[in-house]
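File shown: work-v7.tsv. Contents: TSV, C-alpha atoms and all ligand atoms.
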```tsv
chain	number	residue	atom	x	y	z
A	1	MET	CA	283.19	137.38	-60.12
A	2	ARG	CA	282.42	133.70	-60.09
A	3	PHE	CA	282.26	131.31	-63.04
A	4	GLU	CA	278.47	131.29	-63.49
A	5	THR	CA	278.31	135.09	-63.53
A	6	ARG	CA	281.29	135.51	-65.84
A	7	ALA	CA	279.77	133.03	-68.29
A	8	ILE	CA	276.75	135.26	-68.69
A	9	HIS	CA	278.40	138.69	-68.61
A	10	ASP	CA	282.06	138.68	-69.65
A	11	GLY	CA	282.50	139.93	-73.20
A	12	GLN	CA	278.73	140.36	-73.37
A	13	GLN	CA	277.96	143.85	-72.09
A	14	PRO	CA	274.80	145.43	-73.58
A	15	ASP	CA	275.46	147.00	-76.98
A	16	PRO	CA	276.54	150.62	-76.32
A	17	GLN	CA	274.73	151.97	-79.42
A	18	THR	CA	271.29	150.39	-78.97
A	19	GLY	CA	271.26	148.85	-75.51
A	20	ALA	CA	270.64	145.40	-77.00
A	21	VAL	CA	271.17	143.00	-74.10
A	22	ILE	CA	272.35	140.21	-76.34
A	23	VAL	CA	275.55	140.47	-78.37
A	24	PRO	CA	274.49	141.28	-81.96
A	25	VAL	CA	275.42	139.04	-84.87
A	26	TYR	CA	277.72	141.36	-86.82
A	27	GLN	CA	277.07	139.78	-90.20
A	28	THR	CA	279.55	141.89	-92.10
A	29	SER	CA	282.79	141.22	-93.93
A	30	THR	CA	284.13	144.75	-93.78
A	31	TYR	CA	283.92	148.05	-91.87
A	32	GLN	CA	283.75	151.69	-92.84
A	33	GLN	CA	287.02	153.49	-92.19
A	34	ASP	CA	286.87	157.05	-90.92
A	35	GLY	CA	289.86	158.15	-92.94
A	36	LEU	CA	292.95	156.72	-94.56
A	37	GLY	CA	294.34	154.25	-92.04
A	38	VAL	CA	291.81	155.36	-89.41
A	39	HIS	CA	289.35	152.72	-88.21
A	40	ARG	CA	287.37	151.80	-85.09
A	41	GLY	CA	289.20	148.59	-84.26
A	42	TYR	CA	287.77	146.47	-87.05
A	43	GLU	CA	288.90	146.42	-90.69
A	44	TYR	CA	287.99	143.05	-92.13
A	45	SER	CA	286.18	140.10	-90.52
A	46	ARG	CA	288.94	137.53	-90.98
A	47	THR	CA	291.11	139.78	-88.82
A	48	GLY	CA	288.39	140.65	-86.33
A	49	ASN	CA	284.62	140.69	-85.90
A	50	PRO	CA	282.79	142.07	-82.84
A	51	THR	CA	280.68	138.92	-82.34
A	52	ARG	CA	283.84	136.84	-82.44
A	53	THR	CA	285.56	139.27	-80.04
A	54	ALA	CA	282.73	138.72	-77.56
A	55	LEU	CA	283.26	134.95	-77.81
A	56	GLU	CA	287.03	135.28	-77.46
A	57	THR	CA	286.66	137.48	-74.40
A	58	ALA	CA	284.17	135.08	-72.81
A	59	MET	CA	286.41	132.05	-73.48
A	60	ALA	CA	289.42	133.77	-71.90
A	61	SER	CA	287.29	134.61	-68.88
A	62	LEU	CA	285.99	131.05	-68.43
A	63	GLU	CA	289.51	129.62	-68.54
A	64	GLU	CA	290.80	132.42	-66.28
A	65	GLY	CA	293.30	133.32	-68.98
A	66	ARG	CA	294.15	136.69	-70.51
A	67	PHE	CA	293.59	136.06	-74.22
A	68	GLY	CA	291.12	134.00	-76.24
A	69	LEU	CA	291.10	133.15	-79.93
A	70	ALA	CA	288.20	131.51	-81.74
A	71	PHE	CA	288.56	129.15	-84.70
A	72	ALA	CA	286.37	127.43	-87.25
A	73	SER	CA	286.82	124.05	-85.53
A	74	GLY	CA	288.72	122.38	-82.74
A	75	LEU	CA	291.18	121.02	-85.26
A	76	ALA	CA	291.69	124.46	-86.79
A	77	ALA	CA	292.58	125.68	-83.28
A	78	SER	CA	294.95	122.71	-82.86
A	79	ALA	CA	296.56	123.36	-86.25
A	80	ALA	CA	297.13	126.99	-85.24
A	81	VAL	CA	299.19	125.78	-82.26
A	82	LEU	CA	301.31	123.61	-84.55
A	83	THR	CA	301.98	126.52	-86.91
A	84	LEU	CA	304.12	128.01	-84.10
A	85	PHE	CA	306.80	125.45	-84.96
A	86	LYS	CA	309.13	124.73	-87.83
A	87	SER	CA	310.72	121.80	-89.57
A	88	GLY	CA	313.11	119.98	-87.21
A	89	ASP	CA	311.05	120.73	-84.09
A	90	HIS	CA	309.78	117.93	-81.89
A	91	ILE	CA	306.61	117.57	-79.85
A	92	VAL	CA	305.70	115.05	-77.16
A	93	VAL	CA	302.09	113.94	-77.18
A	94	GLY	CA	300.07	111.99	-74.62
A	95	ASP	CA	299.40	108.54	-76.03
A	96	ASP	CA	295.62	108.58	-75.77
A	97	LEU	CA	293.90	111.35	-77.67
A	98	TYR	CA	291.26	112.36	-80.15
A	99	GLY	CA	291.79	110.48	-83.42
A	100	GLY	CA	291.67	113.68	-85.45
A	101	SER	CA	294.46	115.23	-83.37
A	102	TYR	CA	296.58	112.13	-83.93
A	103	ARG	CA	295.87	112.38	-87.65
A	104	LEU	CA	296.85	116.07	-87.61
A	105	PHE	CA	300.23	115.26	-86.03
A	106	GLU	CA	300.94	112.13	-88.08
A	107	LYS	CA	299.48	112.90	-91.52
A	108	VAL	CA	299.75	116.68	-91.78
A	109	PHE	CA	302.49	118.19	-89.64
A	110	ARG	CA	304.91	115.26	-89.83
A	111	LYS	CA	305.08	116.03	-93.55
A	112	PHE	CA	306.38	119.48	-92.66
A	113	GLY	CA	309.13	118.02	-90.48
A	114	ILE	CA	307.48	118.31	-87.09
A	115	ASP	CA	308.20	115.06	-85.30
A	116	ALA	CA	305.70	113.76	-82.74
A	117	THR	CA	306.53	111.03	-80.25
A	118	TYR	CA	304.13	109.63	-77.69
A	119	ALA	CA	304.43	109.43	-73.92
A	120	ARG	CA	302.34	107.49	-71.42
A	121	ILE	CA	299.59	109.93	-70.65
A	122	ASP	CA	299.05	108.83	-67.05
A	123	ASP	CA	302.74	109.10	-66.16
A	124	PRO	CA	304.33	112.61	-66.16
A	125	ALA	CA	307.81	111.08	-65.82
A	126	SER	CA	307.43	109.41	-69.21
A	127	PHE	CA	307.08	112.87	-70.78
A	128	LYS	CA	310.27	114.00	-69.07
A	129	LYS	CA	312.16	111.09	-70.62
A	130	GLN	CA	311.11	112.10	-74.13
A	131	ILE	CA	311.98	115.78	-73.97
A	132	ARG	CA	314.98	116.50	-76.21
A	133	LYS	CA	316.92	119.61	-77.20
A	134	ASN	CA	314.56	120.30	-80.11
A	135	THR	CA	311.34	119.64	-78.16
A	136	LYS	CA	309.05	122.65	-78.28
A	137	LEU	CA	305.70	121.39	-77.07
A	138	VAL	CA	303.98	118.84	-74.87
A	139	TRP	CA	300.40	118.14	-75.91
A	140	VAL	CA	297.90	116.35	-73.70
A	141	GLU	CA	294.23	115.74	-73.19
A	142	THR	CA	292.87	115.07	-69.72
A	143	PRO	CA	290.59	113.19	-69.39
A	144	THR	CA	291.55	111.56	-72.66
A	145	ASN	CA	289.38	110.58	-75.58
A	146	PRO	CA	288.15	107.88	-75.32
A	147	LEU	CA	289.91	106.02	-72.48
A	148	LEU	CA	289.32	108.76	-69.88
A	149	LYS	CA	292.85	108.65	-68.51
A	150	LEU	CA	294.12	111.65	-66.58
A	151	VAL	CA	297.45	113.35	-66.33
A	152	ASP	CA	298.49	115.31	-63.26
A	153	LEU	CA	298.70	118.78	-64.78
A	154	LYS	CA	300.69	120.32	-61.92
A	155	ALA	CA	303.30	117.54	-62.09
A	156	LEU	CA	303.48	117.81	-65.88
A	157	SER	CA	303.76	121.61	-65.96
A	158	ALA	CA	306.56	121.44	-63.39
A	159	ILE	CA	308.47	119.39	-65.97
A	160	THR	CA	307.64	121.56	-69.00
A	161	GLN	CA	308.42	124.80	-67.16
A	162	LYS	CA	311.78	123.50	-66.01
A	163	THR	CA	312.73	122.50	-69.56
A	164	GLY	CA	311.29	125.58	-71.30
A	165	VAL	CA	308.79	123.55	-73.32
A	166	LEU	CA	305.25	124.79	-73.94
A	167	LEU	CA	302.39	122.77	-72.46
A	168	ALA	CA	299.14	122.62	-74.45
A	169	VAL	CA	296.09	121.00	-72.87
A	170	ASP	CA	293.07	120.01	-74.92
A	171	ASN	CA	290.37	120.75	-72.34
A	172	THR	CA	287.43	119.70	-74.50
A	173	PHE	CA	286.31	116.77	-72.32
A	174	ALA	CA	286.35	118.60	-69.01
A	175	SER	CA	285.36	122.11	-70.11
A	176	PRO	CA	286.53	125.07	-68.02
A	177	TYR	CA	283.71	124.44	-65.57
A	178	LEU	CA	285.41	121.25	-64.40
A	179	GLN	CA	289.06	122.17	-64.90
A	180	LYS	CA	291.18	125.22	-65.77
A	181	PRO	CA	294.56	124.03	-67.03
A	182	LEU	CA	296.15	127.51	-67.09
A	183	LEU	CA	295.78	127.62	-63.31
A	184	SER	CA	297.79	124.39	-63.13
A	185	GLY	CA	300.64	125.79	-65.20
A	186	ALA	CA	299.59	125.04	-68.79
A	187	ASP	CA	300.56	127.58	-71.47
A	188	ILE	CA	297.83	126.94	-74.03
A	189	VAL	CA	294.30	125.64	-73.57
A	190	VAL	CA	292.73	124.08	-76.65
A	191	HIS	CA	289.00	123.55	-77.15
A	192	SER	CA	286.67	121.99	-79.57
A	193	THR	CA	283.81	124.34	-78.72
A	194	THR	CA	281.68	121.99	-80.84
A	195	LYS	CA	281.30	119.90	-77.69
A	196	TYR	CA	280.41	121.10	-74.18
A	197	ILE	CA	281.13	124.79	-74.68
A	198	ALA	CA	278.46	125.28	-77.36
A	199	GLY	CA	276.68	122.26	-75.96
A	200	HIS	CA	273.80	121.85	-78.39
A	201	SER	CA	275.33	119.88	-81.29
A	202	ASP	CA	274.56	122.68	-83.72
A	203	ILE	CA	277.94	124.17	-84.65
A	204	ILE	CA	281.57	123.23	-85.27
A	205	GLY	CA	284.03	125.52	-83.51
A	206	GLY	CA	287.31	125.76	-81.67
A	207	ALA	CA	289.21	128.07	-79.35
A	208	LEU	CA	292.58	128.72	-77.74
A	209	VAL	CA	293.23	130.52	-74.48
A	210	VAL	CA	296.66	131.72	-73.34
A	211	ASN	CA	298.20	134.08	-70.76
A	212	ASP	CA	301.43	135.08	-72.45
A	213	GLU	CA	301.01	138.14	-74.65
A	214	LYS	CA	303.78	137.26	-77.11
A	215	LEU	CA	302.32	133.80	-77.59
A	216	TYR	CA	298.90	135.36	-78.11
A	217	GLN	CA	300.23	137.76	-80.74
A	218	GLU	CA	301.89	134.89	-82.60
A	219	LEU	CA	298.75	132.77	-82.55
A	220	LYS	CA	296.62	135.73	-83.56
A	221	PHE	CA	298.97	136.34	-86.47
A	222	TYR	CA	298.41	132.74	-87.68
A	223	GLN	CA	294.68	132.97	-87.07
A	224	ASN	CA	294.55	135.91	-89.47
A	225	ALA	CA	297.24	134.67	-91.84
A	226	THR	CA	295.72	131.21	-92.36
A	227	GLY	CA	292.12	132.31	-91.89
A	228	ALA	CA	290.32	129.40	-90.18
A	229	ILE	CA	287.97	131.70	-88.25
A	230	PRO	CA	284.36	131.09	-87.21
A	231	GLY	CA	281.68	133.25	-88.80
A	232	PRO	CA	279.56	135.60	-86.70
A	233	TRP	CA	276.56	133.25	-86.55
A	234	ASP	CA	278.58	130.34	-85.29
A	235	SER	CA	280.34	132.63	-82.81
A	236	TRP	CA	276.96	133.80	-81.58
A	237	LEU	CA	275.71	130.24	-81.10
A	238	VAL	CA	278.80	129.36	-79.09
A	239	ILE	CA	278.18	132.38	-76.84
A	240	ARG	CA	274.55	131.35	-76.46
A	241	GLY	CA	275.73	127.91	-75.41
A	242	LEU	CA	278.48	128.85	-73.00
A	243	ARG	CA	276.13	130.97	-70.90
A	244	THR	CA	274.58	127.76	-69.52
A	245	LEU	CA	277.80	125.73	-69.31
A	246	SER	CA	277.77	125.45	-65.52
A	247	LEU	CA	274.21	124.13	-65.34
A	248	ARG	CA	274.80	121.64	-68.11
A	249	MET	CA	278.11	120.35	-66.75
A	250	ARG	CA	276.60	119.73	-63.33
A	251	GLU	CA	273.74	117.78	-64.89
A	252	HIS	CA	275.98	115.89	-67.35
A	253	SER	CA	278.25	114.89	-64.45
A	254	ALA	CA	275.40	113.78	-62.18
A	255	ASN	CA	273.72	111.72	-64.91
A	256	ALA	CA	277.02	110.18	-65.98
A	257	LEU	CA	277.89	109.08	-62.43
A	258	PHE	CA	274.42	107.58	-62.02
A	259	LEU	CA	274.68	105.60	-65.27
A	260	ALA	CA	278.31	104.57	-64.67
A	261	LYS	CA	277.24	103.02	-61.36
A	262	TYR	CA	274.34	101.25	-63.03
A	263	LEU	CA	276.47	99.88	-65.89
A	264	LYS	CA	279.20	98.75	-63.50
A	265	GLY	CA	276.91	96.17	-61.98
A	266	HIS	CA	275.49	94.88	-65.28
A	267	PRO	CA	276.43	91.33	-66.34
A	268	ARG	CA	276.67	92.19	-70.06
A	269	VAL	CA	279.15	94.99	-69.41
A	270	LYS	CA	282.78	93.89	-69.23
A	271	LYS	CA	284.26	97.20	-68.19
A	272	VAL	CA	283.14	100.70	-67.17
A	273	ILE	CA	285.57	103.59	-67.30
A	274	TYR	CA	284.53	106.77	-65.49
A	275	PRO	CA	286.80	109.04	-63.43
A	276	GLY	CA	284.04	109.42	-60.84
A	277	LEU	CA	284.05	105.72	-59.94
A	278	PRO	CA	286.39	104.70	-57.10
A	279	SER	CA	287.48	101.83	-59.37
A	280	HIS	CA	289.05	104.32	-61.82
A	281	PRO	CA	292.82	104.07	-61.27
A	282	GLN	CA	293.09	107.87	-61.11
A	283	HIS	CA	289.95	108.59	-59.13
A	284	ASP	CA	291.93	110.45	-56.45
A	285	LEU	CA	293.64	112.65	-59.03
A	286	ALA	CA	290.25	113.35	-60.63
A	287	LYS	CA	288.89	114.46	-57.27
A	288	ARG	CA	291.88	116.72	-56.74
A	289	GLN	CA	292.20	118.15	-60.23
A	290	MET	CA	288.60	118.41	-61.39
A	291	ASN	CA	285.50	120.07	-60.06
A	292	GLY	CA	283.29	117.10	-61.08
A	293	PHE	CA	283.90	114.09	-63.31
A	294	GLY	CA	282.26	115.03	-66.60
A	295	GLY	CA	279.66	113.53	-68.87
A	296	ILE	CA	281.60	110.83	-70.72
A	297	VAL	CA	281.47	107.17	-69.74
A	298	SER	CA	283.32	104.53	-71.74
A	299	ILE	CA	282.34	100.88	-71.66
A	300	GLU	CA	283.30	97.53	-73.09
A	301	LEU	CA	280.60	94.95	-73.68
A	302	HIS	CA	280.81	91.17	-73.50
A	303	GLY	CA	280.09	89.42	-76.77
A	304	GLY	CA	282.11	91.04	-79.55
A	305	ILE	CA	280.87	93.11	-82.45
A	306	SER	CA	277.52	91.32	-82.55
A	307	ALA	CA	276.81	92.51	-78.99
A	308	VAL	CA	277.71	96.07	-80.00
A	309	GLU	CA	275.39	95.79	-83.01
A	310	ALA	CA	272.45	94.43	-81.00
A	311	PHE	CA	272.93	97.01	-78.27
A	312	THR	CA	273.23	100.07	-80.49
A	313	LYS	CA	270.31	98.96	-82.69
A	314	GLU	CA	267.98	98.75	-79.72
A	315	LEU	CA	268.74	102.18	-78.22
A	316	LYS	CA	265.80	104.57	-78.46
A	317	ILE	CA	267.01	107.74	-76.71
A	318	PHE	CA	270.78	107.48	-77.11
A	319	VAL	CA	271.64	108.49	-80.66
A	320	LEU	CA	274.34	106.50	-82.44
A	321	GLY	CA	276.73	109.04	-83.89
A	322	GLU	CA	279.98	110.94	-83.72
A	323	SER	CA	280.67	113.78	-81.33
A	324	LEU	CA	279.85	114.40	-77.67
A	325	GLY	CA	279.00	117.14	-75.24
A	326	GLY	CA	275.52	118.02	-76.47
A	327	VAL	CA	272.42	118.08	-74.29
A	328	GLU	CA	271.23	114.87	-75.95
A	329	SER	CA	272.76	111.51	-75.09
A	330	LEU	CA	274.91	109.93	-77.75
A	331	VAL	CA	276.79	106.69	-78.25
A	332	THR	CA	279.94	106.60	-80.34
A	333	TYR	CA	281.71	103.54	-81.65
A	334	PRO	CA	285.33	104.76	-81.74
A	335	ALA	CA	286.59	101.84	-83.87
A	336	LYS	CA	284.59	103.13	-86.80
A	337	MET	CA	283.98	106.78	-85.89
A	338	SER	CA	286.26	109.07	-83.85
A	339	HIS	CA	289.22	106.66	-84.19
A	340	GLY	CA	288.47	105.35	-87.66
A	341	SER	CA	291.65	107.04	-88.86
A	342	VAL	CA	293.78	105.08	-86.36
A	343	SER	CA	295.05	101.65	-87.48
A	344	ARG	CA	293.46	98.57	-85.86
A	345	GLU	CA	296.81	97.56	-84.42
A	346	GLU	CA	297.34	100.98	-82.85
A	347	ARG	CA	293.75	101.00	-81.58
A	348	TYR	CA	294.15	97.64	-79.84
A	349	ARG	CA	297.51	98.67	-78.45
A	350	ARG	CA	295.70	101.57	-76.78
A	351	GLY	CA	292.80	99.43	-75.53
A	352	ILE	CA	290.15	100.65	-77.96
A	353	THR	CA	288.78	97.24	-78.86
A	354	ASP	CA	285.94	96.33	-81.20
A	355	GLU	CA	283.68	96.03	-78.11
A	356	PHE	CA	284.45	99.54	-76.91
A	357	LEU	CA	281.78	102.25	-76.80
A	358	ARG	CA	281.97	105.87	-75.69
A	359	ILE	CA	278.81	107.27	-74.16
A	360	SER	CA	278.18	111.00	-74.02
A	361	VAL	CA	275.57	111.28	-71.29
A	362	GLY	CA	273.10	114.07	-71.97
A	363	ILE	CA	270.83	115.97	-69.65
A	364	GLU	CA	267.62	114.03	-70.25
A	365	HIS	CA	266.00	112.47	-67.16
A	366	LYS	CA	268.41	109.96	-65.68
A	367	ASP	CA	265.77	107.24	-65.26
A	368	ASP	CA	264.79	107.41	-68.95
A	369	LEU	CA	268.44	107.04	-69.87
A	370	LYS	CA	268.89	104.09	-67.53
A	371	GLU	CA	265.81	102.33	-68.94
A	372	ASP	CA	267.05	102.87	-72.48
A	373	LEU	CA	270.42	101.29	-71.63
A	374	LYS	CA	268.70	98.48	-69.73
A	375	ASN	CA	266.48	97.59	-72.71
A	376	ALA	CA	269.34	97.74	-75.18
A	377	LEU	CA	271.58	95.56	-73.00
A	378	ALA	CA	268.75	93.04	-72.72
A	379	ALA	CA	268.75	92.75	-76.53
A	380	ILE	CA	272.26	91.26	-76.53
A	381	GLN	CA	272.12	87.49	-77.16
A	382	GLY	CA	274.19	85.18	-75.08
B	401	LIG	C1	286.06	116.85	-81.23
B	401	LIG	C2	287.39	117.00	-80.61
B	401	LIG	C3	288.40	117.70	-81.26
B	401	LIG	C4	288.24	118.27	-82.65
B	401	LIG	O1	287.32	119.29	-82.67
B	401	LIG	P1	286.46	119.68	-83.98
B	401	LIG	O2	285.64	120.80	-83.50
B	401	LIG	O3	285.68	118.46	-84.36
B	401	LIG	O4	287.44	120.05	-85.04
B	401	LIG	C5	289.61	117.85	-80.61
B	401	LIG	N1	289.81	117.32	-79.39
B	401	LIG	C6	288.86	116.63	-78.74
B	401	LIG	C7	289.14	116.07	-77.38
B	401	LIG	C8	287.62	116.44	-79.33
B	401	LIG	O5	286.69	115.73	-78.68
```

Transcribe the structure of this file into structure tokens.
Ligand SMILES: *Cc1c(COP(=O)(O)O)cnc(C)c1O
Amino acid sequence: MRFETRAIHDGQQPDPQTGAVIVPVYQTSTYQQDGLGVHRGYEYSRTGNPTRTALETAMASLEEGRFGLAFASGLAASAAVLTLFKSGDHIVVGDDLYGGSYRLFEKVFRKFGIDATYARIDDPASFKKQIRKNTKLVWVETPTNPLLKLVDLKALSAITQKTGVLLAVDNTFASPYLQKPLLSGADIVVHSTTKYIAGHSDIIGGALVVNDEKLYQELKFYQNATGAIPGPWDSWLVIRGLRTLSLRMREHSANALFLAKYLKGHPRVKKVIYPGLPSHPQHDLAKRQMNGFGGIVSIELHGGISAVEAFTKELKIFVLGESLGGVESLVTYPAKMSHGSVSREERYRRGITDEFLRISVGIEHKDDLKEDLKNALAAIQG
């Protein structure tokens, strides 16, 4: 079956007991056992819950992987991957990524002796150079947050497979509708389901999808042993969201391309980054690797912080706030929000200046969004 159909049916068969068409919210912590050591597949809801199982099955299906695991947040899912390793192990990370992932590697797992070094995300060969004897994992986002750089997943997985290193891809920005990293040779797909998968800015959640059964069993062990699982209500809301993922991603992508083109020609805008623009240095790779260019557009304004202040203050539809991937349009100021935990020096080294804004284009009418941006840009003095 095709993506749109799987999103609505996989893991979501009508309830065999009642015929309920929608997966029930199994709001229960525990399960009656039929005898000593005899149960019906569920014992305790940290270990397993039928609503969560439905979500995990659906996630695996969307990524065309064999096994899905749901977590309480994207970072809980990311932390679960890191628990596979031990002190003395080394990981290579793409050098543009979500600030919270960077914080997880630098401020949490480094303390436990897991050493992270950073490779140029848009150059697979730079990963190859950093792989050592004790390297266990390569971790990338593509497109990255917030610079929207891409890495050629097939080229990168050729390197990791040759060296026996696991490849984890944070697929939050693209969503499985636009890109399925397992099909390009990745071993682990990581999601913040908070974003496009749930899609309505109403839950925090995460997920992992893998093909290898041993890897799945290990991750499932940590999921249960450390316990960062989503409750049944949140799982249900993620399922409700992912059923419309294809429609939303098509609309997000179309609106984002429209606005990226508009912003590109605007005199107050210094720079527009969008993989769907021919001016993006990896536009050809985006066309090859992705089934659409996504809903995130990053820009730099002319005029420093005061321009950013005037612009964001004047926006009426775009909400100023953290996060992305919801149906409503949102503007994030990475310097103070998503990348607030990254030092100014490191931020500037990466190109995330004080004039840098990340726009999550929603699915409102494109002309209303354009007018909102137009008015706010007109409010910049200078
Ligand atoms: C938001 C985000 C995360 C973290 O997910 P949470 O659900 O907020 O824990 C990880 N990676 C990317 C790319 C994100 O955008």

Problem set entry | Near-segment 22-32 of chain A list (8 Å; all atoms listed in the file; drop same-chain fewer than 4 positions) as a VMD selection string | chain A and resid 12 to 15 39 42 to 46 49 to 51 54 232 to 233 236

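Minimum distance to Met337 of chain A across A:Glu309, A:Ala256, A:Asp10, A:Gly99 (counting only C-alpha atoms) occurs at A:Gly99.
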
For this session: Go through A:Ala228, A:Leu257, A:Ala376, A:Val38 one by one, measure the shortest atom-to-atom distance of each to Gly292 of chain A using all atoms listed in the file, and give the residue with the smallest value.
Result: A:Leu257

Exercise. So what do you get for atom O4 of ligand LIG 401 (chain B) versus atom CA of Asp234 of chain A, distance-wise?
Worked result: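 Calculated distance between atom O4 of ligand LIG 401 (chain B) and atom CA of Asp234 of chain A is 13.6 Å.
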
For this session: Select, from A:Ala119, A:Leu182, A:Ile380, A:Ala77, the residue with the minimum atom-to-atom distance to ligand LIG 401 (chain B), counting only C-alpha atoms and all ligand atoms.
Result: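 Using only C-alpha atoms and all ligand atoms, the shortest distance to ligand LIG 401 (chain B) belongs to A:Ala77.
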
For this session: With a distance cut-off of 10 Å and all atoms listed in the file, select the neighbouring residues of Glu251 of chain A, excluding the residue or stretch itself and same-chain residues fewer than 6 positions from it, and output the selection as a PyMOL selection string.
Result: chain A and resi 245+257+294-295+327+361-366

For this session: Could you tell me, counting only C-alpha atoms and all ligand atoms, which protein and nucleic acid residues lie no more than 6 Å from ligand LIG 401 (chain B), written as a ChimeraX atom specification?
Result: /A:73-75,98,145,172-173,192,194,204-206

For this session: For segment 1-6 of chain A, please output as a PyMOL selection string all residues within 9 Å (counting only C-alpha atoms; exclusion window: fewer than 3 positions along the same chain).
Result: chain A and resi 9-11+58+61-62+177+243-247

Exercise. Just how far from atom CA of Thr332 of chain A is atom CA of Ala207 of chain A, in Å to one decimal?
Worked result: 23.4 Å

Exercise. With distances taken over all atoms listed in the file, which of A:Asp202, A:Asp152, A:Asp34, A:Glu355 is nearest to Val238 of chain A?
Worked result: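 Answer, going by the shortest atom-to-atom distance: A:Asp202.
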